[in-house]
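So the structure is just underneath, and the comments pick up after that.
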Amino acid sequence: MATAAPSAASRIAVVTGASSGIGAATARRLAAAGYRVVLTARRKDRIEALAEELTQAGHSAVAYQLDVTDRAAVDEFASAFKTIGVLVNNAGGALGADPVATGDPADWRAMYETNVIGTLNVTQALLPKLEASGDGVVVVVSSTAGHGTYEGGAGYVAAKHGEHVLAETLRLEIVGRPVRVVEIAPGLVRTEEFALTRFGGDADKAAKVYEGVAEPLTADDVAETITWAVTRPSHVNIDLLVVRPRAQASNTKVHREQR
């Protein structure tokens, strides 16, 4: 994959939710592409270990413990930078798969806070730093859930629709300024934690999400897509890129091999 080297003014890339899955894979990809990556997540031990891994590999990486729903903490974090080149809003996730009639409002609220308000907090705090770089990129890692609903997913779907609208509206509002807004919407991705977290640690329920799907997407598939979008020439904006495994035609139509 050919990529453009980041300029000196825009070589810092902040990745939220970098402790595992897509976030960690994206940090690895961006580091390899020449960015100084700033890893943020709530789990300090995870991001410190990843920063050490990247440093040992000859890349530049630092870890910063951060809860994106804590606005005061986000503002304090942002104050450490004069400019940054890339912000990857990856922190988020799903909780539960209950129908609307019985869904837990606490789960809905938590998903909205993390996926939407968390993205809003970090984007607002770092937008001036992105603009100051002269060539900034805001990436919103949403989901195909942000573009179509499915039974049992209303809370997550609502949050991801909110995140999609945030990205779409921001792009309209800052047109003409030196910041691109990119939305990457992954479909069925198998990571070590997403489905397990969604189903409260129930490994059997988590496994059924991928049952019969020979090759779901991997975190690295999505990370490569993000890195490709970020490293396009500065006049090229990838507004929205939906990426699914070949076996998935929509949120509700997935080819599953019979055993």
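Chain labels A, B, ... are given in the sequence in which chains occur in the structure tokens; within each chain residues are numbered consecutively from 1, and ligands are likewise numbered from 1 in the order shown.
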
Check your understanding: Counting only C-alpha atoms, what is within 12 Å of A:Val122, bar same-chain residues fewer than 2 positions away, as an MDAnalysis selection string?
Key -> chainID A and resid 14:17 40 66:79 86:91 114:120 124:130 138:140

Check your understanding: In stretch 114-225 of chain A, what's alpha helix (DSSP H) per DSSP? Answer as a PyMOL selection string?
Key -> chain A and resi 118-132+154-173+194-198+203-209+219-225

**Study point:** Shell around A:Ala18 at 7 Å using only C-alpha atoms, local window under 3 positions removed, as a ChimeraX atom specification
**Key:** /A:15,23-24,27,39-41,47

Review point. If we count only C-alpha atoms, what is near stretch 189-204 of chain A at a cut-off of 8 Å, once residues fewer than 5 positions away on the same chain are taken out, given as a ChimeraX atom specification?
Key: /A:20-22,93-97,209-210,216-219,244-245

Point to revise | Which residue of A:Lys44, A:His235, A:Lys205, A:Arg28 approaches A:Gly176 most closely, using only C-alpha atoms | key: A:His235

Point to revise | Every residue of stretch 6-241 of chain A that DSSP places in strand (DSSP E), as a VMD selection string | key: chain A and resid 12 to 15 36 to 41 60 to 65 86 to 89 136 to 141 179 to 186 189 to 190 217 to 218 240 to 241

**Study point:** Residue nearest A:Val243 among A:Val157, A:Ala167, A:Val141, A:Ala207 (counting only C-alpha atoms)
**Key:** A:Val141

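In terms of minimum interatomic distance to A:Thr26, A:Ala223 ranks closest within A:Ala185, A:Ala57, A:Ala101, A:Ala223, counting only C-alpha atoms.
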
Exercise for review: Could you give me, as JSON, numbers by chain, the residues within 10 Å of A:Asp135, counting only C-alpha atoms and dropping anything in the same chain fewer than 2 positions from it?
Suggested key: {"A": [6, 7, 9, 10, 11, 84, 85, 86, 130, 131, 132, 133, 137, 177, 178, 179, 180, 233, 234, 235]}

Could the residues in this selection be written to a file with N, CA and C atoms, as an mmCIF file, in the first residue's frame?
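This is the output file part_17.cif:
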data_model
loop_
_atom_site.group_PDB
_atom_site.id
_atom_site.type_symbol
_atom_site.label_atom_id
_atom_site.label_comp_id
_atom_site.auth_asym_id
_atom_site.auth_seq_id
_atom_site.Cartn_x
_atom_site.Cartn_y
_atom_site.Cartn_z
ATOM 1 N N PRO A 6 3.970 11.657 6.272
ATOM 2 C CA PRO A 6 3.409 12.849 6.918
ATOM 3 C C PRO A 6 4.431 13.965 6.992
ATOM 4 N N SER A 7 3.967 15.207 6.875
ATOM 5 C CA SER A 7 4.859 16.341 7.005
ATOM 6 C C SER A 7 5.248 16.522 8.462
ATOM 7 N N ALA A 9 4.929 19.024 10.314
ATOM 8 C CA ALA A 9 3.906 19.758 11.072
ATOM 9 C C ALA A 9 2.705 18.902 11.415
ATOM 10 N N SER A 10 2.553 17.792 10.707
ATOM 11 C CA SER A 10 1.331 17.011 10.900
ATOM 12 C C SER A 10 1.607 15.558 11.274
ATOM 13 N N ARG A 11 2.754 15.293 11.850
ATOM 14 C CA ARG A 11 3.154 13.899 12.035
ATOM 15 C C ARG A 11 2.667 13.285 13.351
ATOM 16 N N ILE A 84 -1.514 18.899 15.982
ATOM 17 C CA ILE A 84 -1.489 17.477 15.687
ATOM 18 C C ILE A 84 -1.954 17.310 14.244
ATOM 19 N N GLY A 85 -1.593 16.192 13.649
ATOM 20 C CA GLY A 85 -1.954 15.970 12.257
ATOM 21 C C GLY A 85 -3.178 15.108 12.073
ATOM 22 N N VAL A 86 -3.356 14.122 12.970
ATOM 23 C CA VAL A 86 -4.425 13.141 12.791
ATOM 24 C C VAL A 86 -5.083 12.845 14.130
ATOM 25 N N LEU A 130 -5.542 20.524 15.124
ATOM 26 C CA LEU A 130 -5.550 19.949 13.784
ATOM 27 C C LEU A 130 -5.479 21.049 12.728
ATOM 28 N N GLU A 131 -6.245 22.108 12.923
ATOM 29 C CA GLU A 131 -6.228 23.218 11.980
ATOM 30 C C GLU A 131 -4.872 23.911 11.972
ATOM 31 N N ALA A 132 -4.257 24.020 13.139
ATOM 32 C CA ALA A 132 -2.963 24.685 13.235
ATOM 33 C C ALA A 132 -1.866 23.939 12.477
ATOM 34 N N SER A 133 -2.061 22.646 12.265
ATOM 35 C CA SER A 133 -1.053 21.859 11.538
ATOM 36 C C SER A 133 -1.022 22.232 10.067
ATOM 37 N N VAL A 137 -6.436 15.796 9.859
ATOM 38 C CA VAL A 137 -7.433 14.793 9.483
ATOM 39 C C VAL A 137 -8.155 14.316 10.736
ATOM 40 N N ARG A 177 -11.479 25.006 5.489
ATOM 41 C CA ARG A 177 -10.383 25.006 6.459
ATOM 42 C C ARG A 177 -9.506 23.772 6.214
ATOM 43 N N PRO A 178 -8.224 23.814 6.630
ATOM 44 C CA PRO A 178 -7.291 22.742 6.265
ATOM 45 C C PRO A 178 -7.426 21.483 7.135
ATOM 46 N N VAL A 179 -8.638 20.980 7.240
ATOM 47 C CA VAL A 179 -8.908 19.766 8.014
ATOM 48 C C VAL A 179 -9.874 18.890 7.224
ATOM 49 N N ARG A 180 -9.499 17.646 7.016
ATOM 50 C CA ARG A 180 -10.376 16.685 6.354
ATOM 51 C C ARG A 180 -11.148 15.897 7.413
ATOM 52 N N PRO A 233 -3.354 12.257 -0.574
ATOM 53 C CA PRO A 233 -2.925 13.657 -0.702
ATOM 54 C C PRO A 233 -3.913 14.595 -0.006
ATOM 55 N N SER A 234 -3.421 15.716 0.475
ATOM 56 C CA SER A 234 -4.227 16.565 1.346
ATOM 57 C C SER A 234 -5.466 17.140 0.676
ATOM 58 N N HIS A 235 -5.518 17.140 -0.650
ATOM 59 C CA HIS A 235 -6.726 17.645 -1.334
ATOM 60 C C HIS A 235 -7.769 16.542 -1.515
#

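In terms of minimum interatomic distance to A:Ala154, A:Thr102 ranks closest within A:Arg256, A:Ala61, A:Thr102, A:Thr123, counting only C-alpha atoms.
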
Check your understanding: Excluding same-chain residues fewer than 2 positions from stretch 146-151 of chain A, what lies within 9 Å of it counting only C-alpha atoms, as a ChimeraX atom specification?
Key -> /A:97-100,142-144,153-154,156-165,185,250-252
